[in-house]
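Remarks on the structure that follows.
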Amino acid sequence: MNEETTITTAAKIKNKAISSQDVVISLYKSENKVYPRSVSGFFTKWRWIMIWLTQLFFYGIPWIEWGHRQALLFDLNAERFYIFNLVMYPQDLIYLAVILIIAALSLFLFTAIAGRLWCGYACPQTVYTEIFLWIECKIEGDRAARMKLDKAAMSGNKLFKNVSKQFIWIIFALWTGFTFVGYFTPIRELSQGVLTFSLGPWETFWIGFYGFATYGNAGFLREQVCKHMCPYARFQSVMFDDDTLVVTYDEARGEPRGGRSRKVEVNSKELGSCIDCNLCVQVCPTGIDIREGLQHECIGCGACADVCDTVMDKMGYARGLVKYSTQNAVNNNWTDKQMLQRILRPRVLAYASILILLTVGLSMSLWFKKPFRVDVVRDRGVMSRLTDNGMLENVYQLQIMNGTEATQHYRLSVNGLKGLEIETESAKDNDEHNNTIMVKPTESRWIIVDLKIPDGKVEPGSHKIEFLIEAVESQETVKEKSVFLVPR
């Protein structure tokens, strides 16, 4: 065996040994932590206005009283939904379905017009992330200080700041969970339960669960929720078109980018307006570079536009290198007026028309909604029976739901068969006369109703009848259809 053969054999053995080793391939792309830089400007001011409005509503509404109860309360135990002067029952969930459809269409409409406007200004994930970041900045400092603190070795100062931040985060998250549960359990009762350590297991669980979700999503996951967990980021492109208003970078004006002195005039060094300061990336809450074009991670908050305008002011250049615009406006150098004229396009008109029709329909339905509901159920155990005095009897159960917050009296009658007599079990037991039923405020009451007719007066079969229930105080009437069975 010569030297060349020996080398070849050794190489084969070495390659075989390498190929026999396990190769580990990571399926997770590690990403650096995003440290958003503080920014001020027109869009940032509006973001904070929306944060204040949404949080004042969320934290304040449960404490507002309406009469002798909470103004907005979804009382699951009592099966009542109180929405200011409206009292809703589980049978009214159709209204909830319509409201959800209206919310979805509103999202589609806003997206077609102005992209992820909801994400940037009103989404709970965005709002709470901004609040948690504000707390973090107040304790640990701005972007550079936070990065330096994270890299530093553990010390008394670092431990104090970390513990202080986490403590305030946890308190705020638990308060958020407490407020959320306060929409389902009267918040004043809930606060008494917290103070006396007498909360029920479900209230304790949901306060902890919602608080933990707020703490984890806004304190740690942050932009990862928007980038990887939120489905809206994935299907938003279906609702976008070239006339959708989004945050854009004017590449024709900005490129080629490059650093320069403030004294250098734009284009004097064959450079565009972008000075490549990278501040637009530093202020982005999702850590993207808007100069690379529209990306699904962009939440349309406008922070990059605010900071870029600040840089343009310092350089003496015109604002608007990064701005809200449309793809057609950028490509065709349209004015703002030309761009806005394209808002009323077929897609937007279709969304708006359906939204208006649903909103008007829901408003009309609620306006003309009866102040009480009635359900009629035949007694399945007794189809028809003959009484001792020769009367043919059918038995029914009526559920009367008082949707007002005052005691109401309801008078019962029936139409459909001549000579049909009506008698209620409650009249026998509770001395309620003239088939008039009393129902307490926002209560639901089941009434057993006997309908009788002389045997042989009507032919056998199923006969249509109609119950009439009249509210004595309001003179409102509800009609419910049923049948009276005569055996053969």
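In the structure tokens, each chain is lettered A, B, ... as it comes, each chain's residues begin at 1, and ligands are numbered from 1 in order of appearance.
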Mind the document's chain letters and residue numbers, and return as a PyMOL selection string the residues of segment 260-364 of chain A that DSSP labels alpha helix (DSSP H).
chain A and resi 279-282+303-315+327-332+336-340+346-364
Residues within 9 Å of Glu297 of chain A, please, as an NGL selection string. Count only C-alpha atoms; anything in the same chain fewer than 3 positions from it doesn't count.
:A and (223 or 226-228 or 233 or 286-288 or 294)
Contacts of Val246 of chain A within 10 Å, only C-alpha atoms, excl. fewer than 3 positions in-chain, as a ChimeraX atom specification
/A:111-117,240,242-243,249,294,298-302,323-327
Please report the interatomic distance between atom CA of His463 of chain A and atom CA of Asn415 of chain A in Å with one decimal.
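These atoms are spaced 10.9 Å apart.
Per DSSP on the backbone, strand (DSSP E or B) in segment 76-260 of chain A comprises Arg80, Phe81, Tyr82, Ile83, Leu86, Val87, Met88, Val246, Val247, Thr248 and Tyr249 of chain A.
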Print the selection's residues with N, CA and C atoms to a file, as a PDB file, in the first residue's frame.
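Saved to result08.pdb:
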ATOM      1  N   ARG A  80     -78.248  37.656  33.727  1.00  0.00           N
ATOM      2  CA  ARG A  80     -78.701  38.978  33.316  1.00  0.00           C
ATOM      3  C   ARG A  80     -77.501  39.765  32.808  1.00  0.00           C
ATOM      4  N   PHE A  81     -77.701  40.505  31.739  1.00  0.00           N
ATOM      5  CA  PHE A  81     -76.670  41.390  31.207  1.00  0.00           C
ATOM      6  C   PHE A  81     -77.211  42.814  31.295  1.00  0.00           C
ATOM      7  N   TYR A  82     -76.570  43.624  32.102  1.00  0.00           N
ATOM      8  CA  TYR A  82     -77.012  45.007  32.299  1.00  0.00           C
ATOM      9  C   TYR A  82     -76.101  45.932  31.507  1.00  0.00           C
ATOM     10  N   ILE A  83     -76.669  46.640  30.560  1.00  0.00           N
ATOM     11  CA  ILE A  83     -75.912  47.596  29.742  1.00  0.00           C
ATOM     12  C   ILE A  83     -76.626  48.935  29.863  1.00  0.00           C
ATOM     13  N   LEU A  86     -80.419  49.043  29.539  1.00  0.00           N
ATOM     14  CA  LEU A  86     -80.868  47.794  28.935  1.00  0.00           C
ATOM     15  C   LEU A  86     -80.652  46.623  29.880  1.00  0.00           C
ATOM     16  N   VAL A  87     -81.632  45.749  29.924  1.00  0.00           N
ATOM     17  CA  VAL A  87     -81.496  44.496  30.668  1.00  0.00           C
ATOM     18  C   VAL A  87     -81.663  43.372  29.650  1.00  0.00           C
ATOM     19  N   MET A  88     -80.617  42.561  29.468  1.00  0.00           N
ATOM     20  CA  MET A  88     -80.621  41.514  28.449  1.00  0.00           C
ATOM     21  C   MET A  88     -80.620  40.142  29.128  1.00  0.00           C
ATOM     22  N   VAL A 246     -50.794  53.378   4.768  1.00  0.00           N
ATOM     23  CA  VAL A 246     -49.877  52.667   5.653  1.00  0.00           C
ATOM     24  C   VAL A 246     -48.644  53.537   5.892  1.00  0.00           C
ATOM     25  N   VAL A 247     -47.843  53.156   6.875  1.00  0.00           N
ATOM     26  CA  VAL A 247     -46.587  53.855   7.120  1.00  0.00           C
ATOM     27  C   VAL A 247     -45.602  53.465   6.021  1.00  0.00           C
ATOM     28  N   THR A 248     -45.092  54.448   5.293  1.00  0.00           N
ATOM     29  CA  THR A 248     -44.221  54.177   4.144  1.00  0.00           C
ATOM     30  C   THR A 248     -42.942  55.011   4.235  1.00  0.00           C
ATOM     31  N   TYR A 249     -41.931  54.484   3.601  1.00  0.00           N
ATOM     32  CA  TYR A 249     -40.643  55.184   3.469  1.00  0.00           C
ATOM     33  C   TYR A 249     -40.497  55.612   2.015  1.00  0.00           C
TER      34      TYR A 249
END
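With only C-alpha atoms as the atoms that count, the minimum distance from Ser384 of chain A to the choices A:Leu417, A:Ile354, A:Ile447, A:Val486 is reached by A:Val486.
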Would you kindly return, as a VMD selection string, each protein, DNA or RNA residue with an atom no farther than 9 Å from any atom of segment 478-485 of chain A, considering only C-alpha atoms and excluding same-chain residues fewer than 4 positions away?
chain A and resid 370 372 to 378 383 to 384 393 to 394 417 451 460 to 471
What's the separation between atom CA of Gly193 of chain A and atom CA of Val163 of chain A, in Å to one decimal place?
27.8 Å
For Thr407 of chain A, which residue among A:Leu149, A:Leu366, A:Ala144, A:Met438 is the nearest when counting only C-alpha atoms?
A:Met438
Just want the 9 Å neighbourhood of Gly272 of chain A, counted on only C-alpha atoms, with same-chain residues fewer than 2 positions away dropped. Output as a PyMOL selection string.
chain A and resi 251-258+266-267+269-270+274-275
Quick one: residues within 9 Å of Ala122 of chain A, only C-alpha atoms, excluding same-chain residues fewer than 5 positions away - as a ChimeraX atom specification?
/A:47,50-51,54,117,127
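Considering the residues A:Glu476, A:Asp142, A:Asp250, A:Glu443 and counting only C-alpha atoms, Asn333 of chain A has its shortest atom-to-atom contact with A:Asp250.
Take atom CA of Ala318 of chain A and atom CA of Arg291 of chain A: the distance between them is 17.4 Å.
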